[in-house]
file final_4.cif (mmCIF, C-alpha atoms and all ligand atoms)
data_final
loop_
_atom_site.label_atom_id
_atom_site.label_comp_id
_atom_site.auth_asym_id
_atom_site.auth_seq_id
_atom_site.Cartn_x
_atom_site.Cartn_y
_atom_site.Cartn_z
CA MET A 1 -110.91 -5.70 -7.37
CA LYS A 2 -111.37 -2.01 -8.16
CA LEU A 3 -114.36 -1.89 -5.83
CA MET A 4 -112.34 -3.47 -3.02
CA GLU A 5 -109.57 -0.95 -3.49
CA SER A 6 -111.87 2.03 -3.48
CA PHE A 7 -113.72 0.72 -0.46
CA HIS A 8 -110.40 0.13 1.27
CA GLY A 9 -109.47 3.73 0.46
CA HIS A 10 -112.30 4.95 2.68
CA ALA A 11 -112.19 2.30 5.37
CA LEU A 12 -110.94 3.55 8.70
CA PRO A 13 -108.26 1.40 10.32
CA GLU A 14 -109.42 -0.64 13.28
CA THR A 15 -107.10 1.20 15.68
CA ILE A 16 -109.12 4.34 15.04
CA ARG A 17 -112.53 2.66 14.92
CA LEU A 18 -111.94 1.22 18.39
CA MET A 19 -110.96 4.55 19.96
CA SER A 20 -113.32 6.60 22.11
CA ARG A 21 -114.09 10.18 21.04
CA GLY A 22 -111.99 11.44 23.94
CA GLU A 23 -109.01 9.37 22.82
CA MET A 24 -109.39 10.63 19.25
CA LYS A 25 -109.46 14.26 20.36
CA ALA A 26 -106.41 13.79 22.56
CA ARG A 27 -104.55 12.12 19.71
CA VAL A 28 -105.43 14.91 17.22
CA ARG A 29 -104.17 17.48 19.75
CA SER A 30 -100.96 15.56 20.30
CA ILE A 31 -100.24 15.09 16.56
CA LYS A 32 -100.94 18.77 15.90
CA LYS A 33 -98.43 19.66 18.61
CA GLU A 34 -95.85 17.26 17.25
CA LEU A 35 -96.16 18.51 13.65
CA GLY A 36 -96.26 22.18 14.70
CA SER A 37 -95.88 24.57 11.76
CA ARG A 38 -95.33 21.64 9.35
CA LEU A 39 -99.11 21.28 9.46
CA TYR A 40 -101.87 23.74 8.57
CA MET A 41 -105.56 22.97 8.87
CA PRO A 42 -108.08 25.36 7.31
CA GLY A 43 -111.78 24.59 7.95
CA HIS A 44 -114.94 25.78 6.21
CA TYR A 45 -117.77 27.14 8.37
CA TYR A 46 -119.97 24.21 7.33
CA GLN A 47 -117.70 21.67 8.99
CA LYS A 48 -118.87 19.78 12.06
CA ASP A 49 -117.92 21.16 15.48
CA GLU A 50 -115.90 17.99 16.20
CA VAL A 51 -113.63 18.99 13.28
CA ILE A 52 -113.76 22.78 13.25
CA GLN A 53 -112.55 22.95 16.86
CA PHE A 54 -109.11 21.85 15.60
CA ALA A 55 -108.92 24.15 12.56
CA ASP A 56 -106.04 26.66 12.44
CA SER A 57 -108.27 29.05 10.52
CA THR A 58 -111.94 29.04 9.68
CA GLY A 59 -113.72 30.93 6.94
CA ASP A 60 -115.98 31.05 3.94
CA SER A 61 -114.73 29.90 0.54
CA LEU A 62 -113.07 33.22 -0.20
CA GLN A 63 -111.28 33.49 3.14
CA LEU A 64 -110.05 29.91 2.85
CA ALA A 65 -108.73 30.47 -0.68
CA GLU A 66 -106.91 33.57 0.56
CA THR A 67 -105.38 31.86 3.57
CA ALA A 68 -104.37 28.88 1.44
CA ALA A 69 -102.57 31.30 -0.89
CA LYS A 70 -100.74 32.95 2.02
CA ASN A 71 -99.44 29.95 3.96
CA LYS A 72 -96.21 28.88 2.30
CA GLU A 73 -94.68 27.37 5.40
CA ALA A 74 -96.69 24.24 6.14
CA GLU A 75 -95.54 21.05 4.49
CA TYR A 76 -99.01 19.55 4.87
CA ILE A 77 -102.32 21.31 4.41
CA VAL A 78 -105.10 19.12 5.77
CA PHE A 79 -108.19 20.67 4.25
CA CYS A 80 -111.36 20.42 6.31
CA GLY A 81 -113.86 21.19 3.58
CA VAL A 82 -114.80 19.66 0.24
CA HIS A 83 -112.86 18.50 -2.80
CA PHE A 84 -112.99 21.71 -4.87
CA MET A 85 -111.63 23.69 -1.89
CA ALA A 86 -108.72 21.28 -1.51
CA GLU A 87 -108.04 21.57 -5.25
CA THR A 88 -107.97 25.36 -4.95
CA ALA A 89 -105.54 25.06 -2.05
CA ASP A 90 -103.31 22.83 -4.18
CA ILE A 91 -103.42 25.30 -7.09
CA LEU A 92 -102.39 28.15 -4.79
CA SER A 93 -99.87 26.28 -2.66
CA ALA A 94 -96.11 26.05 -3.24
CA SER A 95 -94.60 22.96 -4.86
CA HIS A 96 -93.20 21.61 -1.56
CA GLN A 97 -96.68 21.61 0.03
CA LYS A 98 -99.09 18.67 -0.01
CA VAL A 99 -102.85 19.11 0.33
CA LEU A 100 -104.78 16.29 2.01
CA LEU A 101 -108.55 15.80 2.10
CA PRO A 102 -109.41 13.58 5.10
CA ASP A 103 -112.16 11.75 3.18
CA LEU A 104 -112.14 11.59 -0.62
CA ARG A 105 -115.92 11.23 -0.65
CA ALA A 106 -116.23 14.86 0.45
CA GLY A 107 -117.32 16.24 -2.92
CA CYS A 108 -119.92 18.86 -3.78
CA SER A 109 -123.13 18.03 -5.62
CA MET A 110 -123.17 21.47 -7.23
CA ALA A 111 -119.60 21.17 -8.53
CA ASP A 112 -120.58 17.76 -9.95
CA MET A 113 -123.28 19.44 -12.06
CA ALA A 114 -120.68 20.80 -14.48
CA THR A 115 -118.04 18.57 -16.02
CA ILE A 116 -115.33 19.97 -18.25
CA ARG A 117 -116.71 17.93 -21.20
CA GLN A 118 -120.16 19.47 -20.75
CA VAL A 119 -118.64 22.94 -20.46
CA GLU A 120 -116.55 22.56 -23.61
CA ARG A 121 -119.53 21.17 -25.51
CA GLY A 122 -121.83 23.93 -24.24
CA TRP A 123 -119.24 26.58 -25.05
CA THR A 124 -119.08 25.43 -28.69
CA HIS A 125 -122.89 25.51 -28.99
CA LEU A 126 -123.11 28.94 -27.37
CA GLN A 127 -120.34 30.44 -29.47
CA ASP A 128 -122.04 29.10 -32.59
CA LYS A 129 -125.30 30.75 -31.53
CA LEU A 130 -124.01 33.99 -30.03
CA GLY A 131 -120.54 34.51 -31.45
CA ASP A 132 -117.37 35.45 -29.65
CA ARG A 133 -119.13 37.73 -27.17
CA ILE A 134 -119.14 35.49 -24.08
CA LEU A 135 -116.94 35.54 -20.98
CA PRO A 136 -116.94 32.42 -18.75
CA ILE A 137 -117.07 33.01 -15.01
CA THR A 138 -117.10 30.20 -12.51
CA TYR A 139 -118.14 30.01 -8.89
CA VAL A 140 -115.21 28.49 -6.97
CA ASN A 141 -117.53 25.54 -6.32
CA SER A 142 -116.30 23.90 -9.51
CA THR A 143 -113.52 21.58 -10.65
CA ALA A 144 -109.98 22.82 -11.29
CA ALA A 145 -110.49 21.97 -14.99
CA ILE A 146 -113.41 24.41 -15.20
CA LYS A 147 -111.41 27.10 -13.41
CA ALA A 148 -108.66 26.47 -15.98
CA PHE A 149 -111.21 26.76 -18.81
CA CYS A 150 -112.24 30.17 -17.48
CA GLY A 151 -108.61 31.25 -17.06
CA GLU A 152 -107.85 30.25 -20.64
CA ASN A 153 -110.87 32.10 -22.05
CA GLY A 154 -110.33 35.45 -20.34
CA GLY A 155 -112.64 34.68 -17.40
CA ALA A 156 -112.27 34.40 -13.66
CA THR A 157 -113.52 32.69 -10.53
CA VAL A 158 -115.98 34.21 -8.04
CA THR A 159 -117.11 33.37 -4.54
CA SER A 160 -120.39 34.26 -2.92
CA SER A 161 -118.58 37.14 -1.13
CA ASN A 162 -117.36 38.87 -4.29
CA ALA A 163 -119.78 37.73 -6.97
CA ALA A 164 -121.24 41.24 -7.53
CA ARG A 165 -117.82 42.84 -7.91
CA MET A 166 -116.61 40.09 -10.22
CA LEU A 167 -119.75 40.11 -12.36
CA SER A 168 -119.47 43.90 -12.80
CA TRP A 169 -115.89 43.34 -13.95
CA ALA A 170 -117.01 40.57 -16.31
CA PHE A 171 -119.68 42.74 -17.96
CA ALA A 172 -117.01 45.36 -18.63
CA GLN A 173 -114.99 42.72 -20.55
CA LYS A 174 -117.64 41.17 -22.79
CA GLU A 175 -121.32 41.59 -23.67
CA ILE A 176 -122.47 38.22 -22.30
CA VAL A 177 -121.41 36.26 -19.23
CA LEU A 178 -121.63 32.49 -18.95
CA PHE A 179 -122.02 31.87 -15.20
CA LEU A 180 -121.02 28.38 -13.96
CA PRO A 181 -122.22 26.20 -12.27
CA ASP A 182 -124.78 27.74 -9.85
CA GLN A 183 -127.74 29.30 -11.63
CA HIS A 184 -129.04 30.78 -8.37
CA LEU A 185 -125.91 32.69 -7.35
CA GLY A 186 -125.66 33.91 -10.95
CA ARG A 187 -129.31 34.98 -11.18
CA ASN A 188 -129.43 36.60 -7.73
CA THR A 189 -126.20 38.53 -8.28
CA ALA A 190 -127.01 39.67 -11.82
CA TYR A 191 -130.48 40.81 -10.71
CA ASN A 192 -128.96 42.90 -7.91
CA LEU A 193 -126.72 44.51 -10.52
CA GLY A 194 -129.82 45.62 -12.43
CA ILE A 195 -130.06 42.90 -15.09
CA PRO A 196 -133.73 42.00 -15.59
CA LEU A 197 -134.75 38.32 -15.55
CA LYS A 198 -135.87 38.63 -19.16
CA HIS A 199 -132.23 39.13 -20.19
CA MET A 200 -131.12 35.91 -18.47
CA ALA A 201 -130.97 32.59 -20.30
CA VAL A 202 -130.32 29.14 -18.83
CA TRP A 203 -128.01 26.54 -20.36
CA ASP A 204 -129.14 22.96 -19.78
CA PRO A 205 -126.00 20.78 -20.02
CA ILE A 206 -127.96 17.52 -20.05
CA GLN A 207 -130.14 18.44 -23.05
CA ASP A 208 -127.49 20.75 -24.58
CA TYR A 209 -130.24 23.31 -24.81
CA LEU A 210 -130.49 27.07 -24.31
CA GLU A 211 -133.66 27.91 -22.39
CA TYR A 212 -134.67 31.37 -23.56
CA ASP A 213 -137.92 32.74 -24.96
CA GLY A 214 -136.84 36.15 -26.24
CA ASN A 215 -134.55 37.55 -28.92
CA LEU A 216 -131.04 36.06 -28.62
CA ASN A 217 -129.55 39.56 -28.94
CA ASP A 218 -131.10 40.50 -25.58
CA ILE A 219 -129.22 37.85 -23.58
CA GLN A 220 -126.82 39.35 -21.04
CA ILE A 221 -126.11 36.35 -18.87
CA ILE A 222 -126.32 32.60 -19.44
CA LEU A 223 -126.83 30.67 -16.21
CA TRP A 224 -125.54 27.11 -16.06
CA LYS A 225 -128.35 24.85 -14.90
CA GLY A 226 -126.74 23.76 -11.64
CA HIS A 227 -127.70 24.29 -8.02
CA CYS A 228 -126.78 23.41 -4.45
CA SER A 229 -128.80 20.48 -3.16
CA VAL A 230 -128.60 21.89 0.37
CA HIS A 231 -129.77 25.44 -0.38
CA GLU A 232 -132.52 24.35 -2.78
CA LYS A 233 -134.32 22.91 0.27
CA PHE A 234 -135.31 26.40 1.45
CA THR A 235 -138.67 27.45 0.05
CA THR A 236 -140.96 30.49 0.02
CA ASP A 237 -143.32 28.35 2.07
CA ASN A 238 -140.65 28.26 4.81
CA VAL A 239 -140.46 32.06 4.57
CA SER A 240 -144.25 32.51 4.93
CA LYS A 241 -144.42 30.13 7.91
CA PHE A 242 -141.60 31.91 9.77
CA ARG A 243 -143.13 35.34 9.07
CA GLN A 244 -146.50 34.13 10.32
CA GLU A 245 -145.02 32.79 13.54
CA TYR A 246 -142.55 35.64 14.12
CA PRO A 247 -143.86 38.82 12.43
CA ASP A 248 -141.00 40.79 14.01
CA GLY A 249 -138.35 38.22 12.92
CA ASN A 250 -135.65 38.60 10.26
CA ILE A 251 -134.70 36.23 7.49
CA ILE A 252 -131.19 35.97 6.06
CA VAL A 253 -130.29 33.46 3.37
CA HIS A 254 -127.31 32.39 1.28
CA PRO A 255 -127.42 33.48 -2.40
CA GLU A 256 -127.27 29.80 -3.42
CA CYS A 257 -130.98 29.79 -2.48
CA SER A 258 -133.51 30.24 -5.29
CA PHE A 259 -134.41 33.69 -6.62
CA ASP A 260 -137.87 33.64 -5.00
CA VAL A 261 -136.46 32.72 -1.59
CA VAL A 262 -133.77 35.42 -1.79
CA GLN A 263 -136.34 38.01 -2.90
CA SER A 264 -138.67 37.15 -0.03
CA ALA A 265 -135.87 37.21 2.60
CA ASP A 266 -134.73 40.39 4.37
CA GLU A 267 -131.07 39.93 3.55
CA SER A 268 -128.78 37.58 1.67
CA GLY A 269 -125.06 36.97 1.68
CA SER A 270 -122.18 34.54 1.98
CA THR A 271 -121.64 32.52 5.12
CA ARG A 272 -119.24 35.23 6.38
CA LYS A 273 -121.89 37.90 5.88
CA ILE A 274 -124.57 35.81 7.60
CA ILE A 275 -122.31 35.38 10.65
CA ASP A 276 -121.45 39.11 10.76
CA VAL A 277 -125.01 40.39 10.30
CA ILE A 278 -126.40 38.25 13.12
CA ASN A 279 -123.41 39.04 15.34
CA LYS A 280 -124.00 42.79 14.96
CA ALA A 281 -127.78 42.56 15.46
CA PRO A 282 -129.23 43.75 18.78
CA ALA A 283 -129.88 41.25 21.59
CA GLY A 284 -133.38 39.85 21.54
CA THR A 285 -133.72 39.87 17.75
CA LYS A 286 -135.05 36.77 16.00
CA TRP A 287 -133.39 35.20 12.96
CA ALA A 288 -134.27 32.48 10.51
CA VAL A 289 -131.21 31.46 8.53
CA GLY A 290 -131.19 29.82 5.10
CA THR A 291 -127.89 27.99 4.98
CA GLU A 292 -126.19 24.75 6.01
CA MET A 293 -127.21 23.28 9.35
CA ASN A 294 -123.83 22.90 11.11
CA LEU A 295 -123.29 26.63 10.70
CA VAL A 296 -126.84 27.57 11.75
CA ASN A 297 -126.50 25.48 14.93
CA ARG A 298 -123.11 27.07 15.69
CA ILE A 299 -124.44 30.61 15.25
CA ALA A 300 -127.43 29.73 17.47
CA LYS A 301 -125.03 28.58 20.22
CA GLN A 302 -122.71 31.56 19.89
CA GLU A 303 -125.46 34.18 19.69
CA ASP A 304 -127.35 32.99 22.74
CA ASP A 305 -128.91 36.42 23.43
CA LYS A 306 -130.79 36.12 20.11
CA MET A 307 -133.17 33.57 18.68
CA VAL A 308 -131.48 31.84 15.73
CA VAL A 309 -133.22 28.99 13.88
CA SER A 310 -133.01 27.30 10.49
CA LEU A 311 -135.43 28.76 7.95
CA ASN A 312 -136.36 25.17 7.14
CA PRO A 313 -137.03 23.31 10.41
CA ASN A 314 -136.45 19.95 8.66
CA MET A 315 -133.09 20.93 7.28
CA CYS A 316 -130.10 18.57 7.16
CA ALA A 317 -126.40 19.34 7.07
CA CYS A 318 -124.44 19.18 3.79
CA LEU A 319 -123.80 15.43 3.51
CA THR A 320 -120.50 15.76 1.69
CA MET A 321 -119.10 18.40 4.06
CA ASN A 322 -120.09 16.02 6.86
CA ARG A 323 -117.90 13.27 5.44
CA ILE A 324 -115.02 14.99 7.20
CA ASP A 325 -115.45 13.80 10.74
CA LEU A 326 -113.17 13.33 13.73
CA PRO A 327 -112.09 9.75 12.87
CA HIS A 328 -111.19 10.69 9.26
CA LEU A 329 -109.36 13.79 10.42
CA LEU A 330 -107.33 11.69 12.84
CA TRP A 331 -106.65 9.09 10.15
CA SER A 332 -105.31 11.80 7.87
CA LEU A 333 -103.00 13.16 10.58
CA GLU A 334 -101.78 9.67 11.49
CA SER A 335 -100.89 9.06 7.83
CA ILE A 336 -98.63 12.12 7.91
CA LEU A 337 -96.90 10.97 11.08
CA GLU A 338 -96.37 7.53 9.58
CA GLY A 339 -94.61 9.20 6.64
CA ASN A 340 -97.25 7.92 4.21
CA PRO A 341 -99.72 10.81 3.78
CA HIS A 342 -102.89 9.65 2.03
CA HIS A 343 -105.79 11.22 0.12
CA ILE A 344 -103.50 13.82 -1.42
CA ILE A 345 -105.26 16.17 -3.82
CA THR A 346 -103.12 17.01 -6.82
CA VAL A 347 -104.02 19.19 -9.76
CA ASP A 348 -101.77 18.64 -12.81
CA ASP A 349 -99.38 21.48 -13.70
CA LYS A 350 -101.07 22.51 -16.94
CA THR A 351 -104.50 22.80 -15.31
CA LYS A 352 -102.96 24.49 -12.28
CA GLU A 353 -101.34 27.19 -14.38
CA LYS A 354 -104.55 28.14 -16.20
CA ALA A 355 -106.78 27.83 -13.12
CA GLU A 356 -104.41 30.11 -11.24
CA ILE A 357 -104.94 32.78 -13.89
CA ALA A 358 -108.70 32.68 -13.19
CA LEU A 359 -108.14 32.77 -9.41
CA ASN A 360 -105.62 35.61 -9.68
CA ARG A 361 -108.04 37.67 -11.78
CA MET A 362 -110.36 37.38 -8.78
CA PHE A 363 -107.70 38.17 -6.18
CA SER A 364 -106.47 41.19 -8.13
CA ARG A 365 -109.92 42.85 -8.16
CA LYS A 366 -109.77 44.09 -4.58
CA ILE A 367 -112.31 42.08 -2.66
P1 LIG B 401 -119.39 30.45 0.92
O1 LIG B 401 -118.32 29.79 1.70
O2 LIG B 401 -118.83 31.30 -0.17
O3 LIG B 401 -120.37 31.18 1.75
O4 LIG B 401 -120.18 29.29 0.13
C1 LIG B 401 -120.93 28.36 0.81
C2 LIG B 401 -120.84 27.03 0.22
O5 LIG B 401 -121.80 26.42 -0.18
C3 LIG B 401 -119.55 26.40 0.13
O6 LIG B 401 -119.70 25.16 -0.41
FE1 LIG B 402 -121.66 21.99 -2.36
FE2 LIG B 402 -123.93 22.99 -1.42
FE3 LIG B 402 -122.47 21.38 0.12
FE4 LIG B 402 -121.59 23.86 -0.47
S1 LIG B 402 -123.39 23.33 0.74
S2 LIG B 402 -120.40 21.96 -0.51
S3 LIG B 402 -122.39 24.09 -2.55
S4 LIG B 402 -123.49 20.83 -1.82
#
call {"tool": "encode", "arguments": {"input": "final_4.cif", "output": "structure tokens"}}
result
Amino acid sequence: MKLMESFHGHALPETIRLMSRGEMKARVRSIKKELGSRLYMPGHYYQKDEVIQFADSTGDSLQLAETAAKNKEAEYIVFCGVHFMAETADILSASHQKVLLPDLRAGCSMADMATIRQVERGWTHLQDKLGDRILPITYVNSTAAIKAFCGENGGATVTSSNAARMLSWAFAQKEIVLFLPDQHLGRNTAYNLGIPLKHMAVWDPIQDYLEYDGNLNDIQIILWKGHCSVHEKFTTDNVSKFRQEYPDGNIIVHPECSFDVVQSADESGSTRKIIDVINKAPAGTKWAVGTEMNLVNRIAKQEDDKMVVSLNPNMCACLTMNRIDLPHLLWSLESILEGNPHHIITVDDKTKEKAEIALNRMFSRKI
């Protein structure tokens, strides 16, 4: 019975399944017009073109969190992104606003690599080992409960756009930072701030084990053993092949890529930075990009006076981001019109309050 219900929760109604793409687009346009300012649709850069074309604002995680915090007018926020982004929008939205995620299966494999139980368990182990010297910092790609945990323990959230600024702040608060849940963003950012690899430990939440060879007193950052399953697909082998083929080419990657890939690239940065750097580059330049495929393809189309390719030629899009497609977007909008909005993302008040503290610590450090 449970299985039937959950399947039903994702099953598109026949009326939508039988529509042509053209009909769906026309219907989305018409519903958007009808709902006017009652509706607001933010979209992450990784979303498919068939969805992003209808977004009211597009951006990286930081920009979307900021816009979600600003819009207090819309009754319905239909979030074209993944679950943790919709949760953040709900935390930052006013009580009269409802946040909808067009497909509940749009999660994030990285966010799934840290559960609140694992974090609480790990925290106890780490405090036992290292004492009350640790500040928890979480990448926004994490559950609301983990954001709340950070808020409650003096910590904050970060995005890939402000990780360096936030980590500098964190090191001014406490001697050791616990960086959740992306070890790569944590390692790459800390290294750029001058922290040597030998002062970085890794916490394995499956084994409940601290991976570190040196003296515990030398640890400056503990990296949660999580990663992005999309960005881990870029390798140094991809870098060597591109350099061989295009010796005059440039490589730019997202800091969710591994340390070796980031070190061997020419530049690294958030999706916003990747877009800006390529946009400002002279015509005729060649770029290999290490990030999600929908965005790489879009940049390649927009920057048609430059050569823009994926650093990994066999790359796929982020599967969970891709769950949000035109039919599910339309279904979500129809549910609003019918007065029965579905797939509403709600964070409970207690979690919201603490998670907001962590988010506000980030917003108040000028980004
Ligand atoms: P940014 O939006 O911060 O660049 O992060 C990319 C990402 O993986 C979002 O899930
Ligand atoms: Fe999560 Fe990676 Fe997909 Fe971003 S690209 S939503 S971090 S799995």
call {"tool": "closest_atom_pairs", "arguments": {"input": "final_4.cif", "of": "chain A", "to": "ligand LIG 402 (chain B)", "cutoff": "8 Å", "atoms": "only C-alpha atoms and all ligand atoms", "output": "tab-separated table"}}
result
residue	atom	partner	partner_atom	distance
A:Tyr46	CA	B:LIG402	S1	7.5
A:Gly81	CA	B:LIG402	S2	7.8
A:Val82	CA	B:LIG402	S2	6.1
A:Gly107	CA	B:LIG402	S2	6.9
A:Cys108	CA	B:LIG402	FE1	3.9
A:Ser109	CA	B:LIG402	S4	4.7
A:Met110	CA	B:LIG402	FE1	5.1
A:Ala111	CA	B:LIG402	FE1	6.6
A:Asn141	CA	B:LIG402	S3	6.3
A:His227	CA	B:LIG402	S3	7.6
A:Cys228	CA	B:LIG402	FE2	4.2
A:Ser229	CA	B:LIG402	S4	5.5
A:Val230	CA	B:LIG402	FE2	5.1
A:His231	CA	B:LIG402	FE2	6.4
A:Glu256	CA	B:LIG402	S3	7.6
A:Thr291	CA	B:LIG402	S1	7.7
A:Glu292	CA	B:LIG402	S1	6.1
A:Cys318	CA	B:LIG402	FE3	4.7
A:Leu319	CA	B:LIG402	FE3	7.0
A:Thr320	CA	B:LIG402	FE3	6.2
A:Met321	CA	B:LIG402	S2	5.9
call {"tool": "closest_atom_pairs", "arguments": {"input": "final_4.cif", "of": "chain A", "to": "ligand LIG 401 (chain B)", "cutoff": "6 Å", "atoms": "all atoms listed in the file", "output": "CSV"}}
result
residue,atom,partner,partner_atom,distance
A:Asp60,CA,B:LIG401,O1,3.5
A:Ser61,CA,B:LIG401,O1,3.8
A:Thr159,CA,B:LIG401,O2,5.1
A:Ser160,CA,B:LIG401,O2,4.3
A:Ser161,CA,B:LIG401,O2,5.9
A:Ser270,CA,B:LIG401,O3,3.8
A:Thr271,CA,B:LIG401,O3,3.8
call {"tool": "residues_around", "arguments": {"input": "final_4.cif", "residues": "Thr58 of chain A", "least_positions_apart": "4", "cutoff": "6 Å", "atoms": "all atoms listed in the file", "output": "list in words"}}
result
Pro42, Gly43 and His44 of chain A
call {"tool": "atom_distance", "arguments": {"input": "final_4.cif", "atom1": "atom CA of Trp203 of chain A", "atom2": "atom CA of Glu353 of chain A"}}
result
27.3 Å
call {"tool": "closest_residue", "arguments": {"input": "final_4.cif", "among": "A:Asp90, A:Ser95, A:Leu333, A:Gly131", "to": "Lys33 of chain A", "atoms": "all atoms listed in the file"}}
result
A:Leu333
call {"tool": "closest_residue", "arguments": {"input": "final_4.cif", "among": "A:Val309, A:Leu197, A:Ile324, A:Ile137", "to": "Met293 of chain A", "atoms": "all atoms listed in the file"}}
result
A:Val309
call {"tool": "atom_distance", "arguments": {"input": "final_4.cif", "atom1": "atom CA of Ala156 of chain A", "atom2": "atom CA of Ala144 of chain A"}}
result
12.0 Å
call {"tool": "atom_distance", "arguments": {"input": "final_4.cif", "atom1": "atom CA of Ser332 of chain A", "atom2": "atom CA of Leu64 of chain A"}}
result
19.4 Å
call {"tool": "closest_residue", "arguments": {"input": "final_4.cif", "among": "A:Ala145, A:Ile91, A:Leu311, A:Val99", "to": "Arg117 of chain A", "atoms": "all atoms listed in the file"}}
result
A:Ala145
call {"tool": "closest_residue", "arguments": {"input": "final_4.cif", "among": "A:Pro196, A:Leu185, A:Asn294, A:Arg323", "to": "Ser268 of chain A", "atoms": "all atoms listed in the file"}}
result
A:Leu185
call {"tool": "residues_around", "arguments": {"input": "final_4.cif", "residues": "Trp169 of chain A", "least_positions_apart": "5", "cutoff": "12 Å", "atoms": "only C-alpha atoms", "output": "PDB file with C-alpha atoms, in the frame of the given file"}}
result
ATOM      1  CA  LEU A 135    -116.940  35.540 -20.980  1.00  0.00           C
ATOM      2  CA  PRO A 136    -116.940  32.420 -18.750  1.00  0.00           C
ATOM      3  CA  ILE A 137    -117.070  33.010 -15.010  1.00  0.00           C
ATOM      4  CA  GLY A 154    -110.330  35.450 -20.340  1.00  0.00           C
ATOM      5  CA  GLY A 155    -112.640  34.680 -17.400  1.00  0.00           C
ATOM      6  CA  ALA A 156    -112.270  34.400 -13.660  1.00  0.00           C
ATOM      7  CA  THR A 157    -113.520  32.690 -10.530  1.00  0.00           C
ATOM      8  CA  VAL A 158    -115.980  34.210  -8.040  1.00  0.00           C
ATOM      9  CA  ASN A 162    -117.360  38.870  -4.290  1.00  0.00           C
ATOM     10  CA  ALA A 163    -119.780  37.730  -6.970  1.00  0.00           C
ATOM     11  CA  ALA A 164    -121.240  41.240  -7.530  1.00  0.00           C
ATOM     12  CA  LYS A 174    -117.640  41.170 -22.790  1.00  0.00           C
ATOM     13  CA  GLU A 175    -121.320  41.590 -23.670  1.00  0.00           C
ATOM     14  CA  ILE A 176    -122.470  38.220 -22.300  1.00  0.00           C
ATOM     15  CA  VAL A 177    -121.410  36.260 -19.230  1.00  0.00           C
ATOM     16  CA  ALA A 190    -127.010  39.670 -11.820  1.00  0.00           C
ATOM     17  CA  LEU A 193    -126.720  44.510 -10.520  1.00  0.00           C
ATOM     18  CA  ARG A 361    -108.040  37.670 -11.780  1.00  0.00           C
ATOM     19  CA  MET A 362    -110.360  37.380  -8.780  1.00  0.00           C
ATOM     20  CA  SER A 364    -106.470  41.190  -8.130  1.00  0.00           C
ATOM     21  CA  ARG A 365    -109.920  42.850  -8.160  1.00  0.00           C
ATOM     22  CA  LYS A 366    -109.770  44.090  -4.580  1.00  0.00           C
ATOM     23  CA  ILE A 367    -112.310  42.080  -2.660  1.00  0.00           C
TER      24      ILE A 367
END
call {"tool": "closest_residue", "arguments": {"input": "final_4.cif", "among": "A:Tyr191, A:Trp123, A:Phe171, A:Tyr40", "to": "Pro205 of chain A", "atoms": "all atoms listed in the file"}}
result
A:Trp123
call {"tool": "closest_residue", "arguments": {"input": "final_4.cif", "among": "A:Arg165, A:Ala172, A:Glu334, A:Cys80", "to": "Ala106 of chain A", "atoms": "all atoms listed in the file"}}
result
A:Cys80
call {"tool": "decode", "arguments": {"input": "final_4.cif", "residues": "segment 130-146 of chain A", "atoms": "C-alpha atoms", "output": "PDB file, in the first residue's frame"}}
result
ATOM      1  CA  LEU A 130      39.427  16.959  20.439  1.00  0.00           C
ATOM      2  CA  GLY A 131      37.447  18.802  23.084  1.00  0.00           C
ATOM      3  CA  ASP A 132      35.212  21.814  22.698  1.00  0.00           C
ATOM      4  CA  ARG A 133      37.376  23.407  20.009  1.00  0.00           C
ATOM      5  CA  ILE A 134      35.305  22.610  16.904  1.00  0.00           C
ATOM      6  CA  LEU A 135      32.960  24.792  14.862  1.00  0.00           C
ATOM      7  CA  PRO A 136      30.534  23.041  12.463  1.00  0.00           C
ATOM      8  CA  ILE A 137      30.135  24.592   9.025  1.00  0.00           C
ATOM      9  CA  THR A 138      27.863  23.143   6.397  1.00  0.00           C
ATOM     10  CA  TYR A 139      27.705  23.560   2.649  1.00  0.00           C
ATOM     11  CA  VAL A 140      24.120  24.547   1.798  1.00  0.00           C
ATOM     12  CA  ASN A 141      23.912  21.181   0.015  1.00  0.00           C
ATOM     13  CA  SER A 142      22.706  19.577   3.237  1.00  0.00           C
ATOM     14  CA  THR A 143      19.448  18.912   5.058  1.00  0.00           C
ATOM     15  CA  ALA A 144      17.676  21.600   7.087  1.00  0.00           C
ATOM     16  CA  ALA A 145      18.388  19.515  10.218  1.00  0.00           C
ATOM     17  CA  ILE A 146      22.141  19.785   9.606  1.00  0.00           C
TER      18      ILE A 146
END
